[in-house]
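> Please find target.txt (compact mmCIF, C-alpha atoms) on the next line:
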```
# COMPACT_ATOMS: atom_id res chain seq x y z
CA MET A 220 1.52 -12.07 0.36
CA LEU A 221 -1.64 -12.11 -1.71
CA LYS A 222 0.21 -10.87 -4.77
CA THR A 223 2.68 -13.72 -4.37
CA PHE A 224 -0.17 -16.24 -4.15
CA GLU A 225 -1.90 -14.74 -7.17
CA LEU A 226 1.29 -14.87 -9.26
CA CYS A 227 2.65 -18.20 -8.05
CA PRO A 228 0.91 -20.40 -5.43
CA LYS A 229 4.03 -22.58 -5.14
CA LYS A 230 6.22 -19.57 -4.29
CA PHE A 231 3.59 -18.54 -1.72
CA GLU A 232 3.76 -21.99 -0.14
CA PHE A 233 7.55 -21.99 0.02
CA GLN A 234 7.80 -18.44 1.34
CA TYR A 235 4.84 -18.12 3.73
CA VAL A 236 3.84 -21.66 4.69
CA LYS A 237 7.20 -23.43 4.75
CA ASN A 238 9.14 -20.23 5.65
CA ILE A 239 11.84 -20.78 3.05
CA SER A 240 13.59 -17.46 2.55
CA MET A 241 13.90 -16.12 -0.95
CA PRO A 242 16.87 -14.15 -2.30
CA VAL A 243 16.24 -10.43 -2.66
CA ASP A 244 17.99 -7.62 -4.50
CA ASP A 245 19.51 -5.76 -1.56
CA GLU A 246 19.77 -2.41 -3.37
CA VAL A 247 16.09 -2.41 -4.36
CA PHE A 248 15.07 -3.55 -0.88
CA GLU A 249 17.20 -0.91 0.84
CA THR A 250 15.92 1.87 -1.42
CA GLY A 251 12.31 0.94 -0.68
CA LYS A 252 12.97 0.65 3.03
CA ASN A 253 14.70 4.04 3.15
CA ILE A 254 11.97 5.85 1.19
CA HIS A 255 9.21 4.30 3.32
CA ALA A 256 10.96 5.28 6.57
CA LEU A 257 11.60 8.82 5.34
CA ALA A 258 7.97 9.23 4.25
CA SER A 259 6.68 7.96 7.57
CA TYR A 260 8.81 10.39 9.58
CA PHE A 261 8.00 13.24 7.20
CA LEU A 262 4.24 12.67 7.52
CA GLN A 263 4.60 12.56 11.29
CA LYS A 264 6.24 16.02 11.11
CA GLU A 265 9.62 14.77 12.36
CA ASP A 266 12.89 16.50 11.48
CA ILE A 267 14.29 14.44 8.62
CA SER A 268 17.06 16.77 7.45
CA ASN A 269 19.88 14.40 8.55
CA MET A 270 18.16 11.46 6.88
CA GLU A 271 17.76 13.41 3.63
CA MET A 272 21.49 14.15 3.56
CA SER A 273 22.31 10.43 3.70
CA LEU A 274 20.21 9.47 0.66
CA SER A 275 21.82 8.15 -2.51
CA ASP A 276 21.28 10.12 -5.73
CA LYS A 277 18.60 7.67 -6.83
CA GLU A 278 16.84 7.89 -3.46
CA LYS A 279 16.98 11.70 -3.59
CA GLN A 280 15.18 11.71 -6.93
CA LEU A 281 12.48 9.35 -5.65
CA TRP A 282 12.12 11.33 -2.43
CA GLU A 283 11.83 14.71 -4.18
CA TYR A 284 8.95 13.40 -6.26
CA LEU A 285 7.19 11.73 -3.32
CA LYS A 286 7.40 14.58 -0.82
CA ASN A 287 5.88 16.99 -3.35
CA ILE A 288 2.76 15.00 -4.24
CA LYS A 289 -0.54 16.56 -3.22
CA TYR A 290 -1.36 13.77 -0.75
CA PHE A 291 1.57 14.79 1.44
CA THR A 292 -0.21 18.11 2.08
CA TYR A 293 -3.26 16.31 3.54
CA LYS A 294 -3.77 15.53 7.22
CA THR A 295 -1.93 12.39 8.31
CA VAL A 296 -4.15 9.78 9.99
CA ALA A 297 -1.54 7.00 10.30
CA THR A 298 1.73 5.77 8.82
CA GLU A 299 3.08 2.22 8.59
CA TYR A 300 -0.27 1.06 9.96
CA ASN A 301 -1.21 -2.63 10.37
CA LEU A 302 -4.79 -3.55 9.60
CA THR A 303 -6.91 -6.70 9.39
CA VAL A 304 -10.34 -7.50 7.98
CA LYS A 305 -12.38 -10.71 8.15
CA ILE A 306 -13.87 -11.74 4.84
CA GLY A 307 -15.89 -14.92 4.86
CA GLU A 308 -14.13 -17.24 7.27
CA GLN A 309 -10.65 -15.85 6.80
CA PHE A 310 -8.68 -12.88 8.06
CA PHE A 311 -6.66 -10.76 5.67
CA GLY A 312 -4.26 -8.07 6.67
CA GLY A 313 -1.53 -5.81 5.58
CA ARG A 314 0.44 -2.72 6.39
CA LEU A 315 -0.57 0.65 4.98
CA ASP A 316 2.29 2.92 4.00
CA ALA A 317 0.13 5.89 4.97
CA LEU A 318 -3.46 6.93 5.50
CA VAL A 319 -4.22 10.61 4.94
CA GLU A 320 -7.39 12.65 4.67
CA ASN A 321 -8.72 15.87 3.28
CA GLU A 322 -12.19 17.32 3.81
CA GLU A 323 -13.83 14.76 1.51
CA HIS A 324 -11.96 11.46 1.52
CA LEU A 325 -9.51 9.10 3.16
CA TYR A 326 -6.56 8.14 0.98
CA ILE A 327 -4.58 4.95 1.42
CA LEU A 328 -1.10 5.64 0.04
CA ASP A 329 1.12 2.86 -1.24
CA TYR A 330 4.58 3.89 -2.44
CA LYS A 331 6.15 1.67 -5.08
CA THR A 332 9.86 1.95 -5.77
CA GLY A 333 9.44 -0.95 -8.20
CA SER A 334 6.20 -0.84 -10.16
CA ALA A 335 2.49 -0.57 -9.46
CA PRO A 336 0.07 -3.34 -10.43
CA LYS A 337 -1.03 -3.36 -14.06
CA ASN A 338 -4.72 -3.33 -13.13
CA ALA A 339 -4.89 -1.77 -9.68
CA LYS A 340 -8.69 -1.84 -9.61
CA TYR A 341 -8.64 -5.64 -9.34
CA ASP A 342 -5.49 -6.08 -7.28
CA TYR A 343 -6.05 -8.07 -4.07
CA GLN A 344 -4.03 -5.60 -2.00
CA THR A 345 -6.20 -2.75 -3.24
CA MET A 346 -9.46 -4.55 -2.52
CA ILE A 347 -8.49 -5.77 0.93
CA TYR A 348 -7.07 -2.45 2.07
CA LEU A 349 -10.14 -0.57 0.82
CA LEU A 350 -12.46 -2.99 2.61
CA ALA A 351 -10.45 -2.97 5.84
CA VAL A 352 -10.27 0.81 6.04
CA SER A 353 -13.95 1.09 5.08
CA GLU A 354 -14.94 -1.27 7.88
CA PHE A 355 -12.70 0.34 10.49
CA TYR A 356 -13.62 3.96 9.70
CA LYS A 357 -17.25 3.20 8.73
CA THR A 358 -17.07 5.12 5.48
CA ASN A 359 -16.99 4.44 1.76
CA ASP A 360 -15.25 7.74 0.94
CA ILE A 361 -11.90 6.02 0.48
CA ASN A 362 -9.36 6.04 -2.33
CA PHE A 363 -6.38 3.74 -2.73
CA VAL A 364 -3.43 5.49 -4.38
CA TYR A 365 -0.49 3.56 -5.80
CA ILE A 366 2.39 6.00 -6.11
CA ASP A 367 4.80 4.63 -8.70
CA LEU A 368 8.01 6.46 -7.82
CA LYS A 369 10.09 4.91 -10.58
CA ASN A 370 7.75 6.15 -13.34
CA LYS A 371 6.47 9.23 -11.47
CA ASP A 372 2.88 8.11 -11.85
CA GLU A 373 -0.16 7.68 -9.62
CA VAL A 374 -3.04 5.24 -9.93
CA CYS A 375 -6.10 6.01 -7.83
CA VAL A 376 -8.92 3.55 -7.13
CA ASP A 377 -12.08 4.91 -5.55
CA LEU A 378 -14.09 2.51 -3.38
CA LYS A 379 -17.31 3.92 -4.80
CA THR A 380 -16.39 2.88 -8.33
CA GLU A 381 -16.77 -0.74 -7.24
CA SER A 382 -19.56 -1.71 -4.88
CA LYS A 383 -18.42 -3.12 -1.58
CA GLU A 384 -20.57 -6.18 -2.18
CA LYS A 385 -18.86 -6.91 -5.49
CA LEU A 386 -15.46 -6.60 -3.86
CA LEU A 387 -16.48 -8.88 -1.01
CA ASN A 388 -17.89 -11.47 -3.40
CA ASP A 389 -14.81 -11.35 -5.61
CA ILE A 390 -12.58 -12.03 -2.62
CA LYS A 391 -14.87 -14.71 -1.16
CA LYS A 392 -15.00 -16.64 -4.44
CA ASN A 393 -11.18 -16.59 -4.55
CA GLN A 394 -10.69 -17.63 -0.91
CA PHE A 395 -7.36 -19.33 -0.30
CA LYS A 396 -7.62 -22.92 0.84
```
How does this structure look as structure tokens?

Amino acid sequence: MLKTFELCPKKFEFQYVKNISMPVDDEVFETGKNIHALASYFLQKEDISNMEMSLSDKEKQLWEYLKNIKYFTYKTVATEYNLTVKIGEQFFGGRLDALVENEEHLYILDYKTGSAPKNAKYDYQTMIYLLAVSEFYKTNDINFVYIDLKNKDEVCVDLKTESKEKLLNDIKKNQFK
């Protein structure tokens, strides 16, 4: 929702305030939905063999790349996880695709079947998810990882590279009225 507001406040108003539905590309939507579901079950150690057999060729390529990334070898904390954080006088929330951990860090994973933000470090979704997870787990050892499946690329943002205070101030000064 925040990305929509950032790109086009009028579209945000129509879609989220006035609840006017927007047309979507069904194939892109279905591909994303299928990959996200598969990843969630996989990380929860469910048997996904039947699901894998029903994937389209395009989905199989995306899935092969995703299931072999290093983050999928880490311990799963949560998948498809809703979270909320209060910043200033407003609540912000979202849904994490996955939260995993190794011995050193928590990693917020966000799979993109479309494309990742051009400057992930300053993306609202990145900032809010990092702050929410930091507050909930009481740690700053958090990384946000955009996994761009289409381009087989990863963009990682470390919470420590930006101070929490700077992130909070950036969001507060851009509060949505």
> Excluding His324 of chain A and any residue of its chain fewer than 5 positions from it, enumerate the residues within 10 Å of it, using only C-alpha atoms, and give them as an mmCIF file with C-alpha atoms, in the frame of the given file.

```cif
data_model
loop_
_atom_site.group_PDB
_atom_site.id
_atom_site.type_symbol
_atom_site.label_atom_id
_atom_site.label_comp_id
_atom_site.auth_asym_id
_atom_site.auth_seq_id
_atom_site.Cartn_x
_atom_site.Cartn_y
_atom_site.Cartn_z
ATOM 1 C CA VAL A 319 -4.220 10.610 4.940
ATOM 2 C CA THR A 358 -17.070 5.120 5.480
ATOM 3 C CA ASN A 359 -16.990 4.440 1.760
ATOM 4 C CA ASP A 360 -15.250 7.740 0.940
ATOM 5 C CA ILE A 361 -11.900 6.020 0.480
ATOM 6 C CA ASN A 362 -9.360 6.040 -2.330
ATOM 7 C CA ASP A 377 -12.080 4.910 -5.550
#
```
> Restricting the calculation to all atoms listed in the file, which member of A:Ala317, A:Asp329, A:Leu387, A:Ile254 is positioned closest to Tyr284 of chain A?
A:Ile254
> One decimal, Å: what's the distance from atom CA of Gly333 of chain A over to atom CA of Ile366 of chain A, could you say?
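Distance between the two atoms: 10.1 Å.
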> Identify which of the residues A:Lys277, A:Lys286, A:Arg314, A:His255 lies closest to Lys369 of chain A, counting only C-alpha atoms when measuring atom-to-atom distances.
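Looking at the shortest contact to Lys369 of chain A, the residue is A:Lys277.
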> Which of these residues is nearest to Asn338 of chain A, using all atoms listed in the file: A:Tyr326, A:Phe248, A:Tyr365, A:Phe310?
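Among A:Tyr326, A:Phe248, A:Tyr365, A:Phe310, it is A:Tyr365 that comes nearest to Asn338 of chain A.
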> Just the residues within 8 Å of segment 259-269 of chain A, please, counting only C-alpha atoms, with nothing from its chain fewer than 4 positions along; format it as a PyMOL selection string.
chain A and resi 255+273+291+295+298-299+316-317
> Given the selection you just returned, output its residues as a file containing C-alpha atoms, formatted as a CSV table (one decimal), in the coordinates of the input.

```csv
chain,number,residue,atom,x,y,z
A,255,HIS,CA,9.2,4.3,3.3
A,273,SER,CA,22.3,10.4,3.7
A,291,PHE,CA,1.6,14.8,1.4
A,295,THR,CA,-1.9,12.4,8.3
A,298,THR,CA,1.7,5.8,8.8
A,299,GLU,CA,3.1,2.2,8.6
A,316,ASP,CA,2.3,2.9,4.0
A,317,ALA,CA,0.1,5.9,5.0
```
> Give the answer as one residue: which of A:Met272, A:Leu318, A:Leu368, A:Leu386 has the shortest atom-to-atom distance to Tyr356 of chain A, using all atoms listed in the file?
A:Leu318
> Rounded to one decimal in Å, what is the spacing between atom CA of Ala258 of chain A and atom CA of Phe363 of chain A?
16.9 Å
> Can you measure atom CA of Val376 of chain A to atom CA of Val364 of chain A for me? One decimal in Å is fine.
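Computed distance, atom CA of Val376 of chain A to atom CA of Val364 of chain A, equals 6.4 Å.
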> Using all atoms listed in the file for the distances, tell me which of A:Lys289, A:Lys392, A:Lys252, A:Lys331 is nearest to Lys371 of chain A.
A:Lys331
> Each residue of segment 276-371 of chain A with at least one atom at most 12 Å from segment 225-228 of chain A should appear once, together with its nearest atom pair and the corresponding distance in Å (one decimal); atoms considered: all atoms listed in the file; ordering: chain, then increasing residue number; output as JSON lines.

```
{"residue": "A:Pro336", "atom": "CA", "partner": "A:Leu226", "partner_atom": "CA", "distance": 11.7}
{"residue": "A:Tyr341", "atom": "CA", "partner": "A:Glu225", "partner_atom": "CA", "distance": 11.5}
{"residue": "A:Asp342", "atom": "CA", "partner": "A:Glu225", "partner_atom": "CA", "distance": 9.4}
{"residue": "A:Tyr343", "atom": "CA", "partner": "A:Glu225", "partner_atom": "CA", "distance": 8.4}
{"residue": "A:Gln344", "atom": "CA", "partner": "A:Glu225", "partner_atom": "CA", "distance": 10.7}
```
> Given the choices A:Tyr235, A:Trp282, A:Phe355, A:Tyr330, which gets closest to Asp372 of chain A if the distance is worked out from only C-alpha atoms?
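Among the listed residues, the smallest separation from Asp372 of chain A belongs to A:Tyr330.
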